[in-house]
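Student: Just so it is clear, I am handing over work.cif, which has mmCIF, C-alpha atoms.
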data_start
#
loop_
_atom_site.group_PDB
_atom_site.id
_atom_site.type_symbol
_atom_site.label_atom_id
_atom_site.label_comp_id
_atom_site.auth_asym_id
_atom_site.auth_seq_id
_atom_site.Cartn_x
_atom_site.Cartn_y
_atom_site.Cartn_z
ATOM 1 C CA MET A 1149 -14.805 -15.574 27.913
ATOM 2 C CA ARG A 1150 -13.574 -12.999 25.388
ATOM 3 C CA TYR A 1151 -13.161 -13.770 21.718
ATOM 4 C CA TYR A 1152 -10.771 -11.875 19.495
ATOM 5 C CA LEU A 1153 -10.956 -11.503 15.746
ATOM 6 C CA LEU A 1154 -7.135 -11.441 15.655
ATOM 7 C CA PRO A 1155 -4.713 -12.878 18.197
ATOM 8 C CA GLU A 1156 -3.566 -10.223 20.681
ATOM 9 C CA ASN A 1157 0.133 -10.469 19.779
ATOM 10 C CA ASN A 1158 -0.369 -10.869 16.039
ATOM 11 C CA LYS A 1159 1.669 -8.547 13.802
ATOM 12 C CA GLN A 1160 -0.631 -6.187 11.935
ATOM 13 C CA PHE A 1161 -0.093 -3.987 8.902
ATOM 14 C CA LYS A 1162 -1.505 -0.587 8.057
ATOM 15 C CA ALA A 1163 -2.160 -0.588 4.304
ATOM 16 C CA ASN A 1164 -3.619 1.405 1.441
ATOM 17 C CA LEU A 1165 -4.729 -0.949 -1.323
ATOM 18 C CA HIS A 1166 -5.783 1.687 -3.873
ATOM 19 C CA SER A 1167 -3.690 4.712 -4.848
ATOM 20 C CA HIS A 1168 -2.665 6.589 -7.991
ATOM 21 C CA THR A 1169 0.615 8.275 -8.906
ATOM 22 C CA THR A 1170 1.859 10.605 -11.620
ATOM 23 C CA LEU A 1171 1.940 7.515 -13.862
ATOM 24 C CA SER A 1172 -1.827 8.062 -14.269
ATOM 25 C CA ASP A 1173 -3.919 10.770 -12.579
ATOM 26 C CA GLY A 1174 -2.159 11.099 -9.208
ATOM 27 C CA GLY A 1175 -0.086 14.026 -8.012
ATOM 28 C CA LYS A 1176 2.958 12.224 -6.547
ATOM 29 C CA THR A 1177 5.577 9.812 -7.895
ATOM 30 C CA PRO A 1178 5.762 6.242 -6.546
ATOM 31 C CA GLU A 1179 8.833 7.241 -4.498
ATOM 32 C CA GLU A 1180 7.014 10.244 -3.016
ATOM 33 C CA MET A 1181 3.966 8.096 -2.243
ATOM 34 C CA LYS A 1182 6.114 5.572 -0.376
ATOM 35 C CA ALA A 1183 7.726 8.323 1.701
ATOM 36 C CA ILE A 1184 4.351 9.916 2.540
ATOM 37 C CA TYR A 1185 2.717 6.646 3.562
ATOM 38 C CA LYS A 1186 5.732 5.345 5.478
ATOM 39 C CA GLU A 1187 5.913 8.627 7.402
ATOM 40 C CA ARG A 1188 2.272 8.118 8.417
ATOM 41 C CA GLY A 1189 2.861 4.627 9.812
ATOM 42 C CA TYR A 1190 1.808 2.509 6.838
ATOM 43 C CA SER A 1191 3.702 -0.662 5.975
ATOM 44 C CA VAL A 1192 1.935 -1.649 2.727
ATOM 45 C CA LEU A 1193 1.001 0.405 -0.352
ATOM 46 C CA ALA A 1194 -0.590 -0.778 -3.579
ATOM 47 C CA ILE A 1195 -0.184 1.611 -6.485
ATOM 48 C CA THR A 1196 -3.178 0.992 -8.742
ATOM 49 C CA ASP A 1197 -2.608 3.386 -11.629
ATOM 50 C CA HIS A 1198 -5.158 3.249 -14.457
ATOM 51 C CA GLY A 1199 -4.452 0.435 -16.917
ATOM 52 C CA LYS A 1200 -0.746 0.189 -16.051
ATOM 53 C CA LEU A 1201 0.578 -2.878 -14.252
ATOM 54 C CA ILE A 1202 4.002 -1.733 -13.048
ATOM 55 C CA ASP A 1203 6.183 -3.609 -10.570
ATOM 56 C CA HIS A 1204 7.255 -1.188 -7.829
ATOM 57 C CA SER A 1205 8.863 -3.872 -5.631
ATOM 58 C CA ALA A 1206 12.274 -2.213 -6.079
ATOM 59 C CA LEU A 1207 10.952 0.309 -3.534
ATOM 60 C CA ASP A 1208 10.403 -2.418 -0.901
ATOM 61 C CA ASP A 1209 12.495 -2.333 2.241
ATOM 62 C CA GLU A 1210 12.478 -4.371 5.447
ATOM 63 C CA ASP A 1211 9.662 -2.209 6.891
ATOM 64 C CA PHE A 1212 7.599 -1.446 3.788
ATOM 65 C CA ILE A 1213 6.004 -3.484 0.975
ATOM 66 C CA MET A 1214 4.902 -2.079 -2.387
ATOM 67 C CA LEU A 1215 2.243 -4.354 -3.897
ATOM 68 C CA THR A 1216 2.064 -4.760 -7.664
ATOM 69 C CA ALA A 1217 -1.485 -3.802 -8.631
ATOM 70 C CA VAL A 1218 -3.525 -2.084 -11.342
ATOM 71 C CA GLU A 1219 -6.939 -0.500 -11.826
ATOM 72 C CA PHE A 1220 -8.712 -1.918 -14.867
ATOM 73 C CA TRP A 1221 -12.133 -1.121 -16.231
ATOM 74 C CA VAL A 1222 -14.354 -3.075 -18.569
#
Take the structure in this file and express it as structure tokens.

Tutor:
Amino acid sequence: MRYYLLPENNKQFKANLHSHTTLSDGGKTPEEMKAIYKERGYSVLAITDHGKLIDHSALDDEDFIMLTAVEFWV
């Protein structure tokens, strides 16, 4: 008997949950980041710029989700 961590026909998402844009110390805008990641087969991107919680959900489309996230330090 074989056991699977995920069901065989389960929809899966390729995601990056930590990235920076020109809004902090990154080299690309949020729009450029979406295009780059979508072109590489990703369906989820969290932009975690330093100390800036910015909603990028306006960049969502039916095949791509932009998560609202932030990198904080204590």

Student: Which residues, written as a PyMOL selection string, have at least one atom at most 9 Å from region 1166-1174 of chain A, with only C-alpha atoms counted and residues fewer than 3 positions away on the same chain left out?

Tutor: chain A and resi 1177-1178+1180-1181+1193-1200+1217-1219

Student: Assuming 5 Å of padding per side, give the centre and edge lengths of the axis-aligned box around every listed atom of region 1211-1217 of chain A, in Å to one decimal and as JSON.

Tutor:
{"center_x": 4.1, "center_y": -3.1, "center_z": -0.9, "size_x": 21.1, "size_y": 13.3, "size_z": 25.5}

Student: For this structure, which residues satisfy the selection - the PyMOL selection byres ((chain A and resi 1161) around 9) - when it is evaluated on the file as given? I want them as an NGL selection string.

Tutor: :A and (1159-1160 or 1162-1163 or 1190-1192)

Student: Mind checking which residues fall within 7 Å of region 1202-1206 of chain A, counting all atoms listed in the file, ignoring those fewer than 6 positions away in the same chain, and posting them as a ChimeraX atom specification?

Tutor: /A:1214-1216

Student: Rounded to one decimal in Å, what is the spacing between CA of Asn1157 (chain A) and CA of Asp1208 (chain A)?

Tutor: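 Going from CA of Asn1157 (chain A) over to CA of Asp1208 (chain A), I get 24.5 Å.
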
Student: Go ahead and compute the interatomic distance for CA of Gly1175 (chain A) and CA of Val1222 (chain A), in Å to one decimal.

Tutor: 24.6 Å

Student: What gap, in Å, lies between CA of Lys1182 (chain A) and CA of Leu1207 (chain A)?

Tutor: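 So the two atoms, CA of Lys1182 (chain A) and CA of Leu1207 (chain A), lie 7.8 Å apart.
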
Student: Point out the residue among A:Leu1201, A:Leu1165, A:Ala1183, A:Leu1154 with the least atom-to-atom distance to Phe1220 (chain A), counting all atoms listed in the file.

Tutor: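 When distances to Phe1220 (chain A) are compared using all atoms listed in the file, the smallest one comes from A:Leu1201.
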